[in-house]
Structures are given as C-alpha cells and as structure tokens.
Amino acid sequence: MATVDVEITKIDPWLWRYDRVIASDSTMARRVLDEMLAQLEAQHWQQRDIFAVHLATEEALANAIQHGNGRDARKNVRFVCLLGSDRIRIEITDEGRGFNPLALPDPTCDHHLHSPRGRGVMLMRAFMSRVAFNARGNGVTMEKDRGQKENWK
Amino acid sequence: MHEYQRLEVTEVGDVTVVRFRNRRITEDIDIQELGSEMFSLVENDNREKLLLNFSTVEFLGSAALGKLITLDRKVKARGGVLKFSNIGSNIHEVFVITKLNLFFDIKEDEVDALAAF
C-alpha cells in the first residue's frame, strides 16, 4: 500500500496552471477571467459552479484594480489560477497597501445599505468554499470545490 | 425621450418596462453607462413606475447592485415605484445573500409585476 501512496503523491493535482501579471485595467481582467471560465467549461463544470467562480473572481479583480491599485496603470495585478479535477484555486495580488477585511461594514445592515463597501467580499465568501487574505491584505486566495453547496446555505 | 444603448425600454400602460441589452453586467464602462441610462429614465424622462425585467441577464456583480440601490433611492425620492422581475436562480442567490431580496420588490415574472403596480 505504501508504494501506492507514493505514486499518488507524484500525481500533479492540477490539470491547468495559469499565471499572469496584468495591468490595472478592466479589459485585461476580462481577458484572464474569460480564459479561466473557458477552462471550466472545457472541464464540464456545472453552470452553478462556474457562476460562483466567475462572480468571486470578478469581485476580487475589481477590488485589486480599483481599491488596491487605485486604477493606477503603472501598478499590476498578479492572477494565478490552478484548476484540478475537483477544485479550483485562484490567487489575486495587487500592489496596494492592503486592507483589513475584518474592518469592512456589514453590507446587509440598513445603515450601510448605500455604501459600496463590503458587498463584493461578502459575495466572494458566500460563493467560494474557502477565502483567505494575506497578512498585508493586498492578496486573496480563494478555492471552490466542484459540486459543493455554497457557504451561506 | 432619450436613446438608450444599454437598455431596451417599452411601455405597458403607465409602467415603463426595462430590459438589459448586456447579458453580463460587469465591466466598469458597462456599469457607468448603464447607471447613467437608468438614472436618466427617472431624472430626465420622469418615469414614475419602473419595472426592470432581468430575463436577459445571466450575470451581475456588486457594482451593479450598487447602481440598483441608487436607482431605487432616486425613484423613491420622486414618489415613484420600482419593481424587478424574471431574475434567474443564480442572480437571485446574489440578492438573497446580500439580503437585497428584502429591500427590492421582486416578482416572479412580468405579468405578476405589472399586476402589482
């Protein structure tokens, strides 16, 4: 059995790796997002999962470009995607000073309803299986398990 | 009346029915233009009863939600009424998670929504 275990660990869990550094520009963001979505379609992920990954990535890229890099064209965003047979991992890092995700207001509270802050991160957490920010707050790693129910249910 | 690039605007009785030309309401430019056109319906065309029919929309994110909240505020400030209909299951989840399903008046389909004005 031990030899079988060793064999398993040699197998690369990722079917597709994608690593790009893009300018802080929504057209560039659209391009990497579409590349990733095309891979999910090619791997026959269900539409519900594709929607979830699409939404979370869209929000994370928008945060990186708008809030992290302040739409400064001289600053870049790194987009890393690892796609496995039953899981996808997305890492997005900007060149901003970072933010404290715990300090975001609750967007569902009446008081903050008209504030644009917090709703994107809330959707990322709800639609992905795992979401973690780095210590500086300028990078997020998100994973989605294929066919899993959303976190909020 | 204004020409709308992002919206398809029709009238059913005294209700203005709005559909979206974009399947995905995401990119910055779409959002800004879309917001301007929706606000123009209220501020320039003085439409008081608005129904947004989402049947063509497959995707929207938090930026679009922000525009919808602002639209609602503008409509209410003028004593108007705003309703939504034909929201697909994925997008409906977005409204439920953010609890905006409780804030907006969402009807199953256009017939239900029109009857409720």
# chains A, B, ... in the order shown; residues from 1 in each chain; ligands from 1
>>> residues_around(residues="Asn90 in chain B", least_positions_apart="4", cutoff="12 Å", atoms="only C-alpha atoms", output="list in words")
Gln47, Arg48, Asp49, Ile50, Phe51, Ala52, Val53, His54, Leu55, Phe127 and Glu150 of chain A; Phe54, Val57, Glu58, Phe59, Leu60, Gly61, Asn86, Val94, Phe95, Val96 and Ile97 of chain B
>>> write_last_selection(atoms="C-alpha atoms", output="PDB file, in the first residue's frame")
ATOM      1  CA  GLN A  47     -23.065  26.213 -14.582  1.00  0.00           C
ATOM      2  CA  ARG A  48     -23.819  26.859 -10.934  1.00  0.00           C
ATOM      3  CA  ASP A  49     -20.143  26.410 -10.005  1.00  0.00           C
ATOM      4  CA  ILE A  50     -18.985  28.446 -12.990  1.00  0.00           C
ATOM      5  CA  PHE A  51     -21.267  31.297 -11.930  1.00  0.00           C
ATOM      6  CA  ALA A  52     -19.845  31.151  -8.379  1.00  0.00           C
ATOM      7  CA  VAL A  53     -16.204  31.197  -9.531  1.00  0.00           C
ATOM      8  CA  HIS A  54     -16.983  33.901 -12.086  1.00  0.00           C
ATOM      9  CA  LEU A  55     -18.655  36.130  -9.509  1.00  0.00           C
ATOM     10  CA  PHE A 127     -19.920  31.625  -3.256  1.00  0.00           C
ATOM     11  CA  GLU A 150     -22.457  27.392  -1.202  1.00  0.00           C
TER      12      GLU A 150
ATOM     13  CA  PHE B  54     -33.839  40.703 -15.828  1.00  0.00           C
ATOM     14  CA  VAL B  57     -29.213  38.970 -17.645  1.00  0.00           C
ATOM     15  CA  GLU B  58     -27.022  35.981 -16.840  1.00  0.00           C
ATOM     16  CA  PHE B  59     -24.518  37.699 -14.602  1.00  0.00           C
ATOM     17  CA  LEU B  60     -24.245  40.734 -12.366  1.00  0.00           C
ATOM     18  CA  GLY B  61     -21.910  41.659  -9.530  1.00  0.00           C
ATOM     19  CA  ASN B  86     -37.585  37.494 -14.179  1.00  0.00           C
ATOM     20  CA  VAL B  94     -26.835  37.162  -5.118  1.00  0.00           C
ATOM     21  CA  PHE B  95     -29.884  39.147  -3.952  1.00  0.00           C
ATOM     22  CA  VAL B  96     -30.606  36.678  -1.144  1.00  0.00           C
ATOM     23  CA  ILE B  97     -27.016  36.604   0.173  1.00  0.00           C
TER      24      ILE B  97
END
>>> select_by_dssp(residues="range 62-149 of chain A", states="strand (DSSP E or B)", output="list in words")
Asn76, Val77, Arg78, Phe79, Val80, Cys81, Leu82, Leu83, Gly84, Arg87, Ile88, Arg89, Ile90, Glu91, Ile92, Thr93, Arg130, Val131, Ala132, Phe133, Gly139, Val140, Thr141, Met142, Glu143, Lys144 and Asp145 of chain A
>>> write_last_selection(atoms="N, CA and C atoms", output="PDB file, in the first residue's frame")
ATOM      1  N   ASN A  76       0.470  46.703 -11.231  1.00  0.00           N
ATOM      2  CA  ASN A  76      -0.012  45.463 -11.821  1.00  0.00           C
ATOM      3  C   ASN A  76      -0.809  44.613 -10.840  1.00  0.00           C
ATOM      4  N   VAL A  77      -1.505  43.642 -11.407  1.00  0.00           N
ATOM      5  CA  VAL A  77      -2.221  42.644 -10.620  1.00  0.00           C
ATOM      6  C   VAL A  77      -1.710  41.278 -11.067  1.00  0.00           C
ATOM      7  N   ARG A  78      -1.352  40.433 -10.099  1.00  0.00           N
ATOM      8  CA  ARG A  78      -0.949  39.075 -10.464  1.00  0.00           C
ATOM      9  C   ARG A  78      -2.144  38.146 -10.283  1.00  0.00           C
ATOM     10  N   PHE A  79      -2.383  37.369 -11.314  1.00  0.00           N
ATOM     11  CA  PHE A  79      -3.529  36.449 -11.319  1.00  0.00           C
ATOM     12  C   PHE A  79      -3.000  35.034 -11.519  1.00  0.00           C
ATOM     13  N   VAL A  80      -3.192  34.189 -10.511  1.00  0.00           N
ATOM     14  CA  VAL A  80      -2.748  32.798 -10.607  1.00  0.00           C
ATOM     15  C   VAL A  80      -3.968  31.898 -10.453  1.00  0.00           C
ATOM     16  N   CYS A  81      -4.110  30.973 -11.386  1.00  0.00           N
ATOM     17  CA  CYS A  81      -5.233  30.030 -11.298  1.00  0.00           C
ATOM     18  C   CYS A  81      -4.708  28.613 -11.423  1.00  0.00           C
ATOM     19  N   LEU A  82      -5.123  27.755 -10.506  1.00  0.00           N
ATOM     20  CA  LEU A  82      -4.781  26.337 -10.551  1.00  0.00           C
ATOM     21  C   LEU A  82      -6.096  25.571 -10.615  1.00  0.00           C
ATOM     22  N   LEU A  83      -6.253  24.808 -11.674  1.00  0.00           N
ATOM     23  CA  LEU A  83      -7.509  24.074 -11.854  1.00  0.00           C
ATOM     24  C   LEU A  83      -7.257  22.579 -11.758  1.00  0.00           C
ATOM     25  N   GLY A  84      -7.906  21.939 -10.787  1.00  0.00           N
ATOM     26  CA  GLY A  84      -7.815  20.495 -10.639  1.00  0.00           C
ATOM     27  C   GLY A  84      -9.115  19.848 -11.086  1.00  0.00           C
ATOM     28  N   ARG A  87     -11.415  20.830  -7.961  1.00  0.00           N
ATOM     29  CA  ARG A  87     -11.172  22.040  -7.169  1.00  0.00           C
ATOM     30  C   ARG A  87     -10.490  23.091  -8.033  1.00  0.00           C
ATOM     31  N   ILE A  88     -10.802  24.351  -7.765  1.00  0.00           N
ATOM     32  CA  ILE A  88     -10.078  25.430  -8.427  1.00  0.00           C
ATOM     33  C   ILE A  88      -9.544  26.372  -7.356  1.00  0.00           C
ATOM     34  N   ARG A  89      -8.312  26.832  -7.561  1.00  0.00           N
ATOM     35  CA  ARG A  89      -7.720  27.807  -6.642  1.00  0.00           C
ATOM     36  C   ARG A  89      -7.333  29.047  -7.442  1.00  0.00           C
ATOM     37  N   ILE A  90      -7.693  30.199  -6.905  1.00  0.00           N
ATOM     38  CA  ILE A  90      -7.387  31.468  -7.574  1.00  0.00           C
ATOM     39  C   ILE A  90      -6.663  32.369  -6.578  1.00  0.00           C
ATOM     40  N   GLU A  91      -5.535  32.916  -7.007  1.00  0.00           N
ATOM     41  CA  GLU A  91      -4.783  33.842  -6.154  1.00  0.00           C
ATOM     42  C   GLU A  91      -4.665  35.173  -6.891  1.00  0.00           C
ATOM     43  N   ILE A  92      -5.077  36.235  -6.248  1.00  0.00           N
ATOM     44  CA  ILE A  92      -5.033  37.563  -6.874  1.00  0.00           C
ATOM     45  C   ILE A  92      -4.310  38.522  -5.925  1.00  0.00           C
ATOM     46  N   THR A  93      -3.264  39.141  -6.439  1.00  0.00           N
ATOM     47  CA  THR A  93      -2.453  40.035  -5.602  1.00  0.00           C
ATOM     48  C   THR A  93      -2.275  41.374  -6.301  1.00  0.00           C
ATOM     49  N   ARG A 130     -13.553  28.386   0.202  1.00  0.00           N
ATOM     50  CA  ARG A 130     -12.584  28.979   1.141  1.00  0.00           C
ATOM     51  C   ARG A 130     -12.072  30.298   0.576  1.00  0.00           C
ATOM     52  N   VAL A 131     -11.941  31.304   1.436  1.00  0.00           N
ATOM     53  CA  VAL A 131     -11.380  32.600   1.035  1.00  0.00           C
ATOM     54  C   VAL A 131     -10.433  33.057   2.141  1.00  0.00           C
ATOM     55  N   ALA A 132      -9.202  33.387   1.781  1.00  0.00           N
ATOM     56  CA  ALA A 132      -8.237  33.858   2.780  1.00  0.00           C
ATOM     57  C   ALA A 132      -7.455  35.043   2.231  1.00  0.00           C
ATOM     58  N   PHE A 133      -7.277  36.053   3.064  1.00  0.00           N
ATOM     59  CA  PHE A 133      -6.480  37.216   2.679  1.00  0.00           C
ATOM     60  C   PHE A 133      -5.102  37.090   3.312  1.00  0.00           C
ATOM     61  N   GLY A 139      -3.597  40.612  -1.003  1.00  0.00           N
ATOM     62  CA  GLY A 139      -3.683  39.371  -1.769  1.00  0.00           C
ATOM     63  C   GLY A 139      -4.773  38.472  -1.213  1.00  0.00           C
ATOM     64  N   VAL A 140      -5.490  37.823  -2.119  1.00  0.00           N
ATOM     65  CA  VAL A 140      -6.558  36.906  -1.681  1.00  0.00           C
ATOM     66  C   VAL A 140      -6.379  35.560  -2.383  1.00  0.00           C
ATOM     67  N   THR A 141      -6.602  34.490  -1.628  1.00  0.00           N
ATOM     68  CA  THR A 141      -6.600  33.142  -2.197  1.00  0.00           C
ATOM     69  C   THR A 141      -7.984  32.557  -1.975  1.00  0.00           C
ATOM     70  N   MET A 142      -8.566  32.064  -3.071  1.00  0.00           N
ATOM     71  CA  MET A 142      -9.928  31.522  -2.979  1.00  0.00           C
ATOM     72  C   MET A 142      -9.939  30.131  -3.599  1.00  0.00           C
ATOM     73  N   GLU A 143     -10.716  29.242  -2.996  1.00  0.00           N
ATOM     74  CA  GLU A 143     -10.879  27.908  -3.582  1.00  0.00           C
ATOM     75  C   GLU A 143     -12.359  27.567  -3.685  1.00  0.00           C
ATOM     76  N   LYS A 144     -12.669  26.828  -4.725  1.00  0.00           N
ATOM     77  CA  LYS A 144     -14.031  26.326  -4.884  1.00  0.00           C
ATOM     78  C   LYS A 144     -13.957  24.827  -5.119  1.00  0.00           C
ATOM     79  N   ASP A 145     -14.672  24.073  -4.294  1.00  0.00           N
ATOM     80  CA  ASP A 145     -14.769  22.633  -4.503  1.00  0.00           C
ATOM     81  C   ASP A 145     -15.895  22.368  -5.491  1.00  0.00           C
TER      82      ASP A 145
END
>>> residues_around(residues="range 112-117 of chain A", least_positions_apart="5", cutoff="8 Å", atoms="only C-alpha atoms", output="list in words")
Leu104, Pro105, Asp106 and Pro107 of chain A; Ala63, Gly66, Ile69 and Thr70 of chain B
>>> write_last_selection(atoms="N, CA and C atoms", output="mmCIF file, in the first residue's frame")
data_model
loop_
_atom_site.group_PDB
_atom_site.id
_atom_site.type_symbol
_atom_site.label_atom_id
_atom_site.label_comp_id
_atom_site.auth_asym_id
_atom_site.auth_seq_id
_atom_site.Cartn_x
_atom_site.Cartn_y
_atom_site.Cartn_z
ATOM 1 N N LEU A 104 -14.431 45.640 7.333
ATOM 2 C CA LEU A 104 -15.479 46.033 6.379
ATOM 3 C C LEU A 104 -16.832 46.103 7.074
ATOM 4 N N PRO A 105 -17.671 47.065 6.694
ATOM 5 C CA PRO A 105 -19.005 47.136 7.301
ATOM 6 C C PRO A 105 -19.876 45.973 6.823
ATOM 7 N N ASP A 106 -20.888 45.644 7.603
ATOM 8 C CA ASP A 106 -21.842 44.617 7.181
ATOM 9 C C ASP A 106 -22.780 45.246 6.143
ATOM 10 N N PRO A 107 -22.659 44.829 4.876
ATOM 11 C CA PRO A 107 -23.462 45.490 3.841
ATOM 12 C C PRO A 107 -24.952 45.167 3.915
ATOM 13 N N ALA B 63 -21.065 45.750 -8.179
ATOM 14 C CA ALA B 63 -21.121 47.104 -8.744
ATOM 15 C C ALA B 63 -22.522 47.385 -9.304
ATOM 16 N N GLY B 66 -24.975 48.104 -6.559
ATOM 17 C CA GLY B 66 -24.857 49.491 -6.098
ATOM 18 C C GLY B 66 -25.680 50.438 -6.956
ATOM 19 N N ILE B 69 -29.397 50.054 -6.155
ATOM 20 C CA ILE B 69 -29.763 50.713 -4.885
ATOM 21 C C ILE B 69 -29.909 52.222 -5.113
ATOM 22 N N THR B 70 -28.977 52.788 -5.873
ATOM 23 C CA THR B 70 -29.062 54.230 -6.165
ATOM 24 C C THR B 70 -30.316 54.535 -6.983
#
>>> closest_residue(among="A:Gly96, A:Gly147, A:Gly118, A:Pro13", to="Ala64 in chain A", atoms="only C-alpha atoms")
A:Gly96
>>> interface_residues(of="chain B", to="chain A", cutoff="6 Å", atoms="only C-alpha atoms", output="CSV table (one decimal) with C-alpha atoms, in the first residue's frame")
chain,number,residue,atom,x,y,z
B,62,SER,CA,-21.8,44.0,-6.6
B,98,THR,CA,-26.9,40.4,0.3
B,99,LYS,CA,-30.4,40.5,1.7
>>> residues_around(residues="Val81 in chain B", least_positions_apart="2", cutoff="7 Å", atoms="only C-alpha atoms", output="MDAnalysis selection string")
chainID B and resid 48:50 75:76 79 83
>>> write_last_selection(atoms="C-alpha atoms", output="mmCIF file, in the first residue's frame")
data_model
loop_
_atom_site.group_PDB
_atom_site.id
_atom_site.type_symbol
_atom_site.label_atom_id
_atom_site.label_comp_id
_atom_site.auth_asym_id
_atom_site.auth_seq_id
_atom_site.Cartn_x
_atom_site.Cartn_y
_atom_site.Cartn_z
ATOM 1 C CA GLU B 48 -42.500 57.095 -12.169
ATOM 2 C CA LYS B 49 -43.350 53.400 -12.465
ATOM 3 C CA LEU B 50 -40.383 51.276 -13.443
ATOM 4 C CA VAL B 75 -37.250 56.596 -7.816
ATOM 5 C CA LYS B 76 -38.486 56.809 -4.215
ATOM 6 C CA GLY B 79 -42.578 59.230 -5.187
ATOM 7 C CA LYS B 83 -40.074 46.571 -9.209
#
>>> select_by_dssp(residues="range 61-129 of chain A", states="helix (DSSP H, G or I)", output="CSV table (one decimal) with N, CA and C atoms, in the first residue's frame")
chain,number,residue,atom,x,y,z
A,61,LEU,N,-11.0,40.7,-8.7
A,61,LEU,CA,-10.2,41.5,-9.6
A,61,LEU,C,-10.6,43.0,-9.6
A,62,ALA,N,-11.9,43.2,-9.4
A,62,ALA,CA,-12.3,44.6,-9.3
A,62,ALA,C,-11.7,45.3,-8.1
A,63,ASN,N,-11.7,44.6,-7.0
A,63,ASN,CA,-11.1,45.1,-5.7
A,63,ASN,C,-9.6,45.4,-5.9
A,64,ALA,N,-8.9,44.5,-6.6
A,64,ALA,CA,-7.5,44.7,-6.8
A,64,ALA,C,-7.2,45.9,-7.7
A,65,ILE,N,-8.0,46.0,-8.7
A,65,ILE,CA,-7.7,47.1,-9.7
A,65,ILE,C,-8.2,48.5,-9.1
A,66,GLN,N,-9.4,48.5,-8.5
A,66,GLN,CA,-10.0,49.7,-8.1
A,66,GLN,C,-9.5,50.2,-6.7
A,67,HIS,N,-9.6,49.3,-5.8
A,67,HIS,CA,-9.2,49.7,-4.4
A,67,HIS,C,-7.8,49.5,-4.1
A,68,GLY,N,-7.2,48.3,-4.5
A,68,GLY,CA,-5.8,48.0,-4.3
A,68,GLY,C,-4.9,48.9,-5.0
A,101,PRO,N,-9.8,43.0,6.0
A,101,PRO,CA,-11.2,42.5,5.6
A,101,PRO,C,-12.1,42.4,6.8
A,102,LEU,N,-11.6,42.3,8.0
A,102,LEU,CA,-12.5,42.3,9.2
A,102,LEU,C,-13.1,43.6,9.5
A,103,ALA,N,-12.5,44.7,8.9
A,103,ALA,CA,-13.0,46.0,9.3
A,103,ALA,C,-14.1,46.5,8.3
A,110,ASP,N,-29.0,48.0,7.5
A,110,ASP,CA,-29.7,49.1,6.8
A,110,ASP,C,-28.8,50.3,6.8
A,111,HIS,N,-28.0,50.5,7.8
A,111,HIS,CA,-27.2,51.7,8.0
A,111,HIS,C,-26.1,51.8,6.9
A,112,HIS,N,-25.7,50.6,6.4
A,112,HIS,CA,-24.6,50.6,5.4
A,112,HIS,C,-25.1,50.2,4.0
A,119,ARG,N,-19.8,44.5,0.0
A,119,ARG,CA,-20.7,43.6,-0.6
A,119,ARG,C,-19.9,42.6,-1.5
A,120,GLY,N,-18.8,43.1,-2.2
A,120,GLY,CA,-18.0,42.2,-3.0
A,120,GLY,C,-17.4,41.1,-2.2
A,121,VAL,N,-16.7,41.4,-1.1
A,121,VAL,CA,-16.1,40.4,-0.3
A,121,VAL,C,-17.1,39.4,0.3
A,122,MET,N,-18.3,40.0,0.7
A,122,MET,CA,-19.3,39.1,1.2
A,122,MET,C,-19.7,38.0,0.2
A,123,LEU,N,-19.8,38.5,-1.1
A,123,LEU,CA,-20.2,37.5,-2.2
A,123,LEU,C,-19.1,36.5,-2.4
A,124,MET,N,-17.8,37.0,-2.3
A,124,MET,CA,-16.7,36.0,-2.5
A,124,MET,C,-16.8,34.9,-1.5
A,125,ARG,N,-17.0,35.3,-0.2
A,125,ARG,CA,-17.0,34.3,0.9
A,125,ARG,C,-18.2,33.4,0.7
A,126,ALA,N,-19.3,33.9,0.3
A,126,ALA,CA,-20.6,33.1,0.2
A,126,ALA,C,-20.5,32.1,-1.0
A,127,PHE,N,-19.9,32.5,-2.1
A,127,PHE,CA,-19.9,31.6,-3.3
A,127,PHE,C,-18.7,30.7,-3.4
>>> residues_around(residues="Phe39 in chain B", least_positions_apart="6", cutoff="10 Å", atoms="only C-alpha atoms", output="ChimeraX atom specification")
/B:33,45-47,67-68,70-72,74-75
>>> write_last_selection(atoms="N, CA and C atoms", output="CSV table (one decimal), in the first residue's frame")
chain,number,residue,atom,x,y,z
B,33,GLU,N,-22.2,53.4,-17.8
B,33,GLU,CA,-23.2,53.8,-18.8
B,33,GLU,C,-24.6,53.3,-18.4
B,45,ASP,N,-36.5,61.6,-18.1
B,45,ASP,CA,-37.8,61.2,-18.8
B,45,ASP,C,-38.9,61.2,-17.8
B,46,ASN,N,-38.6,61.4,-16.5
B,46,ASN,CA,-39.7,61.5,-15.4
B,46,ASN,C,-40.6,60.2,-15.4
B,47,ARG,N,-40.0,59.1,-15.6
B,47,ARG,CA,-40.7,57.8,-15.4
B,47,ARG,C,-41.0,57.5,-14.0
B,67,LYS,N,-25.6,50.2,-8.3
B,67,LYS,CA,-26.4,51.1,-9.2
B,67,LYS,C,-27.9,50.9,-8.9
B,68,LEU,N,-28.3,49.7,-8.7
B,68,LEU,CA,-29.8,49.4,-8.5
B,68,LEU,C,-30.3,50.0,-7.2
B,70,THR,N,-29.0,52.8,-5.9
B,70,THR,CA,-29.1,54.2,-6.2
B,70,THR,C,-30.3,54.5,-7.0
B,71,LEU,N,-30.6,53.7,-8.0
B,71,LEU,CA,-31.8,53.9,-8.8
B,71,LEU,C,-33.1,53.9,-7.9
B,72,ASP,N,-33.1,52.9,-7.0
B,72,ASP,CA,-34.3,52.8,-6.1
B,72,ASP,C,-34.4,54.1,-5.2
B,74,LYS,N,-33.4,57.1,-6.1
B,74,LYS,CA,-33.9,58.2,-7.0
B,74,LYS,C,-35.4,58.1,-7.3
B,75,VAL,N,-35.8,56.8,-7.5
B,75,VAL,CA,-37.3,56.6,-7.8
B,75,VAL,C,-38.1,57.0,-6.6
